[in-house]
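Take a look at the structure below.
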Amino acid sequence: MIPIKKSNLKTLLITLTILLIINGLGNQLFHRFDLTKDKRYTLSATSLNIIKQVQNPLSIKVYMQGDLPAEFKRLQQETRQLLEEFQAYNKNIVFEFVDPLENKDESMDNIKELYRKGLTPINITVDDKGKQSQAMVFPWAIAVYNNKEVNIPLLKNRMGASTTQKVIGSVQHLEYSIADALNKITKDKQKKIAVIKGNGELQDILMAKFLMQVRESYHIGPFTLDSVAKNPIGSLDALEKYDLSIIAKPTETFSDAEKQVLDQFIMNGGKTLWLVDQVSAEMDSLYNASGSTLAYPRDLNLNDLFFKYGIRINPDLIKDERGSPIKLASGDQGSATQFQEFNWKFAPQVYPNSPHPIVKNLGGIKFDFANPIDTLKNGIKKTILLQSSQYSKKIGTPTEINLNSVTEETSPNDYLNKGNIPLSVLLEGSFHSMFENRVLPFDQKSFETKGKENKMIVISDGDLIKNQLDKNFQPVELGYDQRSGNLYDNKDFLINCVNYLLDDNGLINIRSKDLDLPLLDKEKVYENYTVTQFITIGLPILILALFGILFTFLRKRKYSK
């Protein structure tokens, strides 16, 4: 007996020693295994770097708890699992799920508070075996860090998509949404954006939603080119303190001195986002007694600048069969007036087909009176980000635009070999100055004929960045069209452009992550409801029962001997 006891004690000590060694190695070496096919829970290097920035407690409150529809339960589950992944790498990150509608006495106060913070709910129709009911869901979270607070949208609202499709798209963007929010509240703002003024650009209130979004991540301020006439060198020195300049829908001619300032800003590494209309045409001018307006070329004196950089914006309009919906009055005017929805072909609805991370996984983007862009050979790399559909063509200007054109009939032959017209182009490389081998508008000792490695994005529609105003003249969400009620992805596209130009490429790459999220087909489930119930509930119970019976039988057989 004594040798057996010694042997058991020795085995126990060896086992304890091995466990202690494994535990010690586990504390030193950290690794998580992702067994999903699409590596859904493997955080990107960008997310891990952002997580390392969290030095103090960071709390996340998720407003998706309680009796949720099936699709949102899946979104809730994916959100929880991803947050657990974030928390595993940094214990300073804590989260909780709350139900804002749990307490009926306090629910209205909770809803008002969430509205005040910009967290708007969505009302969805729940179809349960033919029975329909309404449900209110808040697909939002709020992150708080060092007394700073940021909203996290968990549902990506794609126009025309079903609830299931929206959930799939939202799961693909979950890591980006959370990482972007943490980056905003943990990272100090470093880069600066200049919003160029002085040449009839859009007013701030018409870009308010875009500016508010950008301000969360970057320093932003207006920069007026009016001072160039009196002090061009001082204006250039001031502009070069910024990292990016945004020129949004100028309507007045640029002087050569102003162009030299912008040109030398680019030569010295400054990034630029151009939103330029080469044709004067506005939707508001169509709503008159005649229902028509004249579209004519706009002279901005920028053609030579763009030509040197390798593109040309033509003073034509794009007419696209994949237009945007517009509601117009039909029938006799008066109390019996009815509104009918038509396809407005001068407002192309563009769906990106480029694999570039700026536009990957984006939905429809709405243009208004866009112009075609030609790319020229000059050694600069050009990537077409957005283009019109196959069934589109150019309309020369000047020309009359009439609302009655919505009733015209067309055929595919009208667009033969005319479509897929570039509307937004990314240019990357070392740009040559447009004033190379030319007389300078003003003397500049530091003049550069060839610039550093740089990049710019040109969009041939200034209205892409424009948000509409409601009846109280307050800005509505960028991309939301009040006339049709559709929400387009204009804001996401522009934010991606800014992030890419300012080298925040990691976040964009997270956004372009592809996930395979299989969901149940409701129609098939309803058709085979009893079979589905048996497979998902009855079969596991039956397997456990059979295992129990077999285990009991084998145990009795063994010990009865």
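Simple scheme: letters A, B, ... for chains in structure tokens order, numbers from 1 for residues in each chain, numbers from 1 for ligands in the order shown.
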**OP:** Could you find all residues in region 341-410 of chain A that DSSP calls strand (DSSP E) from the backbone, and write them as a list of chain:residue names?
**Re:** A:Glu341, A:Phe342, A:Asn343, A:Trp344, A:Gln349, A:Val350, A:Ile365, A:Lys366, A:Ile373, A:Asp374, A:Thr375, A:Lys381, A:Lys382, A:Thr383, A:Ile384, A:Leu385, A:Leu386, A:Gln387, A:Ser392, A:Lys393, A:Lys394, A:Ile395, A:Gly396, A:Thr399, A:Glu400, A:Ile401, A:Asn402
Subject >> Contact residues around Asn231 (chain A) with only C-alpha atoms at 12 Å, ignoring same-chain residues under 5 positions, as a list in words >> reply: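 Here the qualifying residues turn out to be Leu225, Asp226, Leu236, Asp237, Ala238, Ala257, Glu258, Val261, Phe442, Asp443 and Gln444 of chain A.
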**OP:** Kindly indicate which residue among A:Val359, A:Leu328, A:Ile266, A:Ile459 lies nearest to Ile313 (chain A), using only C-alpha atoms for the distances.
**Re:**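 Nearest to Ile313 (chain A): A:Ile459.
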**OP:** Choose the residue, out of A:Lys377, A:Asp461, A:Ile152, A:Ala329, that has the smallest atom-to-atom separation from Val279 (chain A); count only C-alpha atoms.
**Re:**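 Closest candidate: A:Asp461.
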Original post:
Leaving out Glu71 (chain A) and any residue of its chain fewer than 6 positions from it, which residues lie within 8 Å of it when counting only C-alpha atoms, given as an MDAnalysis selection string?
Top reply: chainID A and resid 163:164 167
Subject >> Residue set, region 242-334 of chain A restricted to alpha helix (DSSP H), as number ranges by chain >> reply: A: 256-267, 303-309
Store the residues picked out above in a file with N, CA and C atoms, as a tab-separated table (two decimals), in the first residue's frame.
```
chain	number	residue	atom	x	y	z
A	256	ASP	N	-5.44	83.66	-60.74
A	256	ASP	CA	-4.19	82.91	-60.91
A	256	ASP	C	-3.39	82.88	-59.62
A	257	ALA	N	-3.43	83.95	-58.84
A	257	ALA	CA	-2.71	83.98	-57.57
A	257	ALA	C	-3.30	82.97	-56.59
A	258	GLU	N	-4.62	82.86	-56.56
A	258	GLU	CA	-5.27	81.88	-55.67
A	258	GLU	C	-4.92	80.46	-56.12
A	259	LYS	N	-4.86	80.26	-57.42
A	259	LYS	CA	-4.48	78.93	-57.93
A	259	LYS	C	-3.04	78.60	-57.57
A	260	GLN	N	-2.15	79.59	-57.59
A	260	GLN	CA	-0.76	79.34	-57.21
A	260	GLN	C	-0.67	78.92	-55.74
A	261	VAL	N	-1.45	79.55	-54.88
A	261	VAL	CA	-1.46	79.18	-53.46
A	261	VAL	C	-1.92	77.73	-53.30
A	262	LEU	N	-3.03	77.36	-53.96
A	262	LEU	CA	-3.51	75.98	-53.88
A	262	LEU	C	-2.52	75.01	-54.49
A	263	ASP	N	-1.93	75.41	-55.63
A	263	ASP	CA	-0.97	74.55	-56.33
A	263	ASP	C	0.26	74.28	-55.46
A	264	GLN	N	0.80	75.31	-54.82
A	264	GLN	CA	1.99	75.13	-54.00
A	264	GLN	C	1.68	74.41	-52.68
A	265	PHE	N	0.46	74.56	-52.19
A	265	PHE	CA	0.01	73.76	-51.05
A	265	PHE	C	0.07	72.27	-51.40
A	266	ILE	N	-0.35	71.95	-52.63
A	266	ILE	CA	-0.31	70.56	-53.10
A	266	ILE	C	1.13	70.10	-53.33
A	267	MET	N	1.97	70.97	-53.91
A	267	MET	CA	3.36	70.59	-54.16
A	267	MET	C	4.11	70.29	-52.86
A	303	ASN	N	-9.57	74.76	-65.22
A	303	ASN	CA	-9.30	73.73	-66.22
A	303	ASN	C	-7.80	73.45	-66.38
A	304	ASP	N	-6.98	74.50	-66.43
A	304	ASP	CA	-5.54	74.29	-66.63
A	304	ASP	C	-4.91	73.62	-65.41
A	305	LEU	N	-5.42	73.92	-64.23
A	305	LEU	CA	-4.92	73.28	-63.00
A	305	LEU	C	-5.19	71.78	-63.04
A	306	PHE	N	-6.45	71.42	-63.31
A	306	PHE	CA	-6.81	70.00	-63.36
A	306	PHE	C	-6.10	69.28	-64.50
A	307	PHE	N	-5.97	69.95	-65.64
A	307	PHE	CA	-5.31	69.34	-66.80
A	307	PHE	C	-3.87	68.95	-66.46
A	308	LYS	N	-3.17	69.82	-65.73
A	308	LYS	CA	-1.79	69.53	-65.36
A	308	LYS	C	-1.71	68.34	-64.40
A	309	TYR	N	-2.73	68.20	-63.55
A	309	TYR	CA	-2.72	67.09	-62.59
A	309	TYR	C	-3.19	65.77	-63.21
```
Subject >> Who sits within 9 Å of Leu386 (chain A), only C-alpha atoms, same chain under 2 positions skipped, as a ChimeraX atom specification >> reply: /A:350-354,359,365,384,388,421-425,459
**OP:** Choose the residue, out of A:Thr79, A:Thr251, A:Asn404, A:Ser170, that has the smallest atom-to-atom separation from Leu202 (chain A); count only C-alpha atoms.
**Re:**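 Ranking A:Thr79, A:Thr251, A:Asn404, A:Ser170 by distance to Leu202 (chain A), first place goes to A:Thr251.
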Subject >> Atom pair CA of Lys382 (chain A) / CA of Leu426 (chain A): separation (Å) >> reply: 5.6 Å
Original post:
Contacts of Val54 (chain A) at 10 Å or less, counting only C-alpha atoms, minus same-chain residues fewer than 3 places along, as a ChimeraX atom specification?
Top reply: /A:49-51,57-58,90-93,145,182-183,185-187
Just-selected residues, C-alpha atoms written as an mmCIF file, in the first residue's frame:
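Okay, this is what ended up in selection01.cif:
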```cif
data_model
loop_
_atom_site.group_PDB
_atom_site.id
_atom_site.type_symbol
_atom_site.label_atom_id
_atom_site.label_comp_id
_atom_site.auth_asym_id
_atom_site.auth_seq_id
_atom_site.Cartn_x
_atom_site.Cartn_y
_atom_site.Cartn_z
ATOM 1 C CA ASN A 49 -3.506 49.591 -31.785
ATOM 2 C CA ILE A 50 -6.589 51.586 -30.836
ATOM 3 C CA ILE A 51 -7.264 49.273 -27.901
ATOM 4 C CA PRO A 57 -11.690 52.883 -17.707
ATOM 5 C CA LEU A 58 -13.819 53.057 -20.853
ATOM 6 C CA ASN A 90 -7.840 45.414 -22.522
ATOM 7 C CA LYS A 91 -9.610 45.002 -19.187
ATOM 8 C CA ASN A 92 -10.171 48.771 -19.022
ATOM 9 C CA ILE A 93 -12.966 48.285 -21.553
ATOM 10 C CA TYR A 145 -13.923 57.816 -21.710
ATOM 11 C CA LEU A 182 -12.857 54.319 -29.481
ATOM 12 C CA ASN A 183 -10.369 56.081 -31.727
ATOM 13 C CA ILE A 185 -12.462 59.495 -27.746
ATOM 14 C CA THR A 186 -9.013 58.090 -26.950
ATOM 15 C CA LYS A 187 -6.850 59.694 -29.630
#
```
Original post:
Can you tell me, as a ChimeraX atom specification, what residues are no more than 9 Å from Val214 (chain A) when counting only C-alpha atoms, ignoring any on the same chain fewer than 6 positions away?
Top reply: /A:193,220,495,498
For N, CA, C and O atoms, I'd like the residues from the last selection saved as a PDB file, in the first residue's frame.
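Written file, result_37.pdb:
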```pdb
ATOM      1  N   ILE A 193      -7.841  70.314 -40.971  1.00  0.00           N
ATOM      2  CA  ILE A 193      -8.533  70.420 -42.256  1.00  0.00           C
ATOM      3  C   ILE A 193      -8.973  71.862 -42.477  1.00  0.00           C
ATOM      4  O   ILE A 193      -9.561  72.482 -41.586  1.00  0.00           O
ATOM      5  N   ILE A 220     -10.707  71.360 -37.509  1.00  0.00           N
ATOM      6  CA  ILE A 220     -11.271  71.861 -38.756  1.00  0.00           C
ATOM      7  C   ILE A 220     -11.547  73.349 -38.619  1.00  0.00           C
ATOM      8  O   ILE A 220     -11.941  73.832 -37.552  1.00  0.00           O
ATOM      9  N   ILE A 495     -16.539  60.671 -45.677  1.00  0.00           N
ATOM     10  CA  ILE A 495     -15.694  60.414 -44.496  1.00  0.00           C
ATOM     11  C   ILE A 495     -14.563  59.457 -44.863  1.00  0.00           C
ATOM     12  O   ILE A 495     -13.412  59.637 -44.440  1.00  0.00           O
ATOM     13  N   VAL A 498     -11.886  61.447 -46.667  1.00  0.00           N
ATOM     14  CA  VAL A 498     -11.067  62.232 -45.741  1.00  0.00           C
ATOM     15  C   VAL A 498     -10.074  61.331 -45.001  1.00  0.00           C
ATOM     16  O   VAL A 498      -8.880  61.651 -44.905  1.00  0.00           O
TER      17      VAL A 498
END
```
Original post:
With only C-alpha atoms as the basis for distance, which of A:Pro139, A:Gly198, A:Gly419, A:Gly291 is at the shortest distance from Ile401 (chain A)?
Top reply: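 Closest to Ile401 (chain A) of all the choices is A:Gly291.
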Subject >> For CA of Gly451 (chain A) and CA of Ser245 (chain A), the interatomic separation in Å (one decimal) >> reply: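 So the answer is 16.1 Å.
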